[in-house]
There are 4 protein chains.
Amino acid sequence: MPAPELKIQKWFNTNEELTLAKLRGKVVVIEAFQMLCPGCVMHGLPLAKKIHASFPQDKVAVLGLHTVFEHHDAMTPVSLAAFLHEYRINFPVGVDQPGTGPMPKTMASYRMRGTPSLILIDKSGELRVNHFGDVSELFLGAEIATLLGETHVQPNSDTSEDDVSAVCDETGCTV
Amino acid sequence: MPAPELKIQKWFNTNEELTLAKLRGKVVVIEAFQMLCPGCVMHGLPLAKKIHASFPQDKVAVLGLHTVFEHHDAMTPVSLAAFLHEYRINFPVGVDQPGTGPMPKTMASYRMRGTPSLILIDKSGELRVNHFGDVSELFLGAEIATLLGETHVQPNSDTSEDDVSAVCDETGCTV
Amino acid sequence: MPAPELKIQKWFNTNEELTLAKLRGKVVVIEAFQMLCPGCVMHGLPLAKKIHASFPQDKVAVLGLHTVFEHHDAMTPVSLAAFLHEYRINFPVGVDQPGTGPMPKTMASYRMRGTPSLILIDKSGELRVNHFGDVSELFLGAEIATLLGETHVQPNSDTSEDDVSAVCDETGCTV
Amino acid sequence: MPAPELKIQKWFNTNEELTLAKLRGKVVVIEAFQMLCPGCVMHGLPLAKKIHASFPQDKVAVLGLHTVFEHHDAMTPVSLAAFLHEYRINFPVGVDQPGTGPMPKTMASYRMRGTPSLILIDKSGELRVNHFGDVSELFLGAEIATLLGETHVQPNSDTSEDDVSAVCDETGCTV
């Protein structure tokens with residue numbers, strides 16, 4: 001299944017608008033969190049920081065995704081900015097766009113079960129892991145290395161074994 | 001030194017306005033924190049929760065004090081309410097009144113060095129411990145038990161219980 | 001209940017034969033352990049080390065008691081000596097005397113349920129806490145401080161308050 | 001560099017004499033430890049247990065290696081047997097053969113710096129990681145997955161020194 005494109009209201013810790021399309025060719029790790037979710041603060045975000053510090057950034061992109069689905073007034077971008085500063089989170093963090101219900105758009109498109117959720121996307125843009133709650137470091141290290149070891153077949157080739165053009169979304173595909 | 005009276009803008013988890021004067025006769029533990037301070041979230045508040053759960057509440061009163069001295073816009077009472085709910089903090093928490101500078105009033109009157117700070121006040125209203133940063137559980141358990149073991153000499157005052165002037169300062173008197 | 005006297009086969013980390021009688025006037029903390037018991041290594045002994053480091057040694061005596069009741073061949077005094085060295089345990093440790101069954105003598109006289117067990121004895125030699133398994137630091141700190149706060153009423157004394165020699169030696173006597 | 005063959009005095013938790021030659025085709029993880037080494041007990045062995053539980057045993061072989069280089073009298077096979085039982089270590093553990101000096105033979109042939117040491121050997125029997133001290137789970141998970149992803153090129157040799165034919169799979173074998 002192709003990973004749905006991110007729908008971001010505002011970015012922190014990056015000067016450019018990031019998209020999964022732009023990150024094609026890298027393994028992408030998305031840590032979906034809420035700043036007032038204890039499990040995110042205790043486990044999810046520290047793990048994301050370790051991944052960010054442990055793998056080469058030109059091969060593994062770590063992104064935070066602020067997926068607020070409760071207490072919206074308490075977790076505004078103003079509060080998030082201070083949170084990222086105090087917890088020394090340096091990788092890019094995008095604020096998920098509000099949806100029609102309490103759940104924001106990207107969170108809904110990935111059918112996440114809650115926060116923290118950890119998403120792994122392979123070099124070709126396929127969604128490979130969609131994990132809710134605590135996750136073993138050993139398992140995660142193994143998963144990332146497995147995805148790193150895979151060959152990224154470039155699309156646009158007239159023929160491709162894996163038909164990666166499938167990765168593109170409804171607007172038109174990219175890469 | 002008599003513990004300076006609390007100057008509170010708004011209380012959570014209690015229906016009454018708490019004062020140190022009203023708590024005379026109990027050992028009082030004050031955990032001063034900011035909701036976006038990692039050391040408070042990781043160490044200070046969990047310790048306060050343990051104290052609240054371990055000692056009889058008619059003998060040891062545990063209070064939180066939200067002493068925001070940075071990122072004021074990020075840690076409003078609206079955000080604090082959600083924080084207390086998510087972290088399941090059930091003891092009374094007061095929001096320290098804004099001062100003229102960045103430091104709020106009660107924090108300034110105790111000359112706290114930062115957050116988390118842990119304050120112990122004895123049954124007679126004297127400030128006995130004013131600790132900044134991590135604190136040993138063993139030490140803290142011992143301190144609280146020591147204060148619990150002390151006799152609280154009731155003032156012979158014919159005046160009212162709430163007459164905090166009764167608590168006294170260096171000029172004389174006291175409990 | 002008076003704490004039963006220790007029955008020790010061999011001492012480590014002390015040049016003298018320790019007895020509870022000699023320690024009268026101090027609060028005594030006994031950590032009963034087996035060197036191959038995971039709960040002792042992970043929780044019991046680290047806690048005993050903290051107590052040893054946190055309280056004044058002229059008021060609180062911390063003792064280890066090696067109460068082997070299984071795998072006797074694997075936990076001989078030769079192995080224990082290396083264990084104490086590697087784990088940097090500096091307080092006195094006595095090896096409990098073998099009993100007629102698998103359980104050694106002191107362990108049996110205290111009716112301990114297993115290891116780790118933590119024993120608190122007050123200044124007068126009374127057994128006050130006999131705890132099996134994990135124990136809260138907060139609780140333990142409070143217990144020790146409570147015992148420290150108690151007055152030590154000297155037995156039989158027409159003699160001076162401080163004449164603890166009255167408390168007796170191995171030849172007989174005491175409280 | 002080919003991993004030096006193990007020189008084992010006695011095995012626990014296995015009925016057969018294990019050799020690296022017999023394990024060719026699997027990724028081999030060796031946890032070198034001493035039963036009285038705190039870092040081994042706190043970090044090294046728990047990590048080895050997690051690896052043993054996390055990866056399929058037909059692809060990743062986890063071995064313990066008891067490399068005693070100090071306190072030899074305190075860490076005999078009798079003591080080790082009780083240790084393995086109490087700490088619930090279920091994977092095969094070999095006792096390294098005594099050398100001419102304090103350091104045992106296998107430990108010396110790998111030039112280990114101490115305990116805990118963690119060794120990774122690839123499917124072809126090459127020594128790939130020789131790590132001393134604490135190791136990150138994330139890194140280790142990644143390393144193992146990387147080795148798992150590698151193709152095991154079977155040597156076309158009609159005869160093999162070590163007779164690794166046992167290693168072969170259903171399609172044909174070799175080495």
# chains A, B, ... in the order shown; residues from 1 in each chain; ligands from 1
>>> residues_around(residues="segment 113-117 of chain A", least_positions_apart="5", cutoff="9 Å", atoms="only C-alpha atoms", output="list in words")
Ile30, Glu31, Ala32, Phe33, Gln34, Cys37, Gly39, Cys40, Val41, His43, Gly44, Leu45, Thr67, Val68, Phe69, Met107, Asn130, His131, Phe132, Gly133 and Asp134 of chain A
>>> select_by_dssp(residues="segment 6-134 of chain B", states="strand (DSSP E or B)", output="PyMOL selection string")
chain B and resi 8-12+27-33+60-66+93-96+117-121+126-132
>>> select_by_dssp(residues="segment 12-154 of chain A", states="helix (DSSP H, G or I)", output="PyMOL selection string")
chain A and resi 20-23+38-54+72-74+77-86+105-109+137-149
>>> closest_residue(among="B:Leu138, B:Leu18, B:Leu36, B:Met1", to="chain A", atoms="only C-alpha atoms")
B:Leu36
>>> atom_distance(atom1="atom CA of Pro98 of chain C", atom2="atom CA of Ala3 of chain C")
19.1 Å
>>> residues_around(residues="Thr14 of chain D", least_positions_apart="3", cutoff="10 Å", atoms="only C-alpha atoms", output="ChimeraX atom specification")
/D:11,17-18,90-94
>>> calpha_fit_rmsd(fixed="chain B", moving="chain D")
4.6 Å
>>> residues_around(residues="Phe55 of chain D", least_positions_apart="4", cutoff="10 Å", atoms="only C-alpha atoms", output="PyMOL selection string")
(chain A and resi 138-139+142) or (chain D and resi 50-51+59-62+141+144-145)
>>> write_last_selection(atoms="C-alpha atoms", output="CSV table (one decimal), in the first residue's frame")
chain,number,residue,atom,x,y,z
A,138,LEU,CA,15.6,-4.3,18.7
A,139,PHE,CA,12.7,-4.9,16.4
A,142,ALA,CA,16.0,-4.6,12.5
D,50,LYS,CA,15.9,-10.3,24.1
D,51,ILE,CA,17.8,-11.2,20.9
D,59,LYS,CA,18.3,-18.0,11.4
D,60,VAL,CA,20.0,-16.4,14.4
D,61,ALA,CA,21.9,-18.5,16.9
D,62,VAL,CA,22.5,-16.9,20.3
D,141,GLY,CA,18.8,-4.8,15.8
D,144,ILE,CA,21.6,-8.4,12.9
D,145,ALA,CA,19.1,-7.6,10.2
>>> atom_distance(atom1="atom CA of Gly64 of chain A", atom2="atom CA of Gly149 of chain D")
28.5 Å
>>> closest_residue(among="B:Glu143, B:Glu16, B:Glu150, B:Glu70", to="chain A", atoms="only C-alpha atoms")
B:Glu70
>>> atom_distance(atom1="atom CA of Pro77 of chain B", atom2="atom CA of Met35 of chain B")
10.3 Å
>>> interface_residues(of="chain B", to="chain A", cutoff="7 Å", atoms="only C-alpha atoms", output="list in words")
Leu36, Cys37, Pro38, His71, Ala74, Met75, Val78, Ser79, Ala82, Phe83, Glu86 and Tyr87 of chain B
>>> residues_around(residues="Ser109 of chain B", least_positions_apart="6", cutoff="10 Å", atoms="only C-alpha atoms", output="list in words")
Ala3, Pro4, Glu5, Leu6, Lys7 and Met103 of chain B
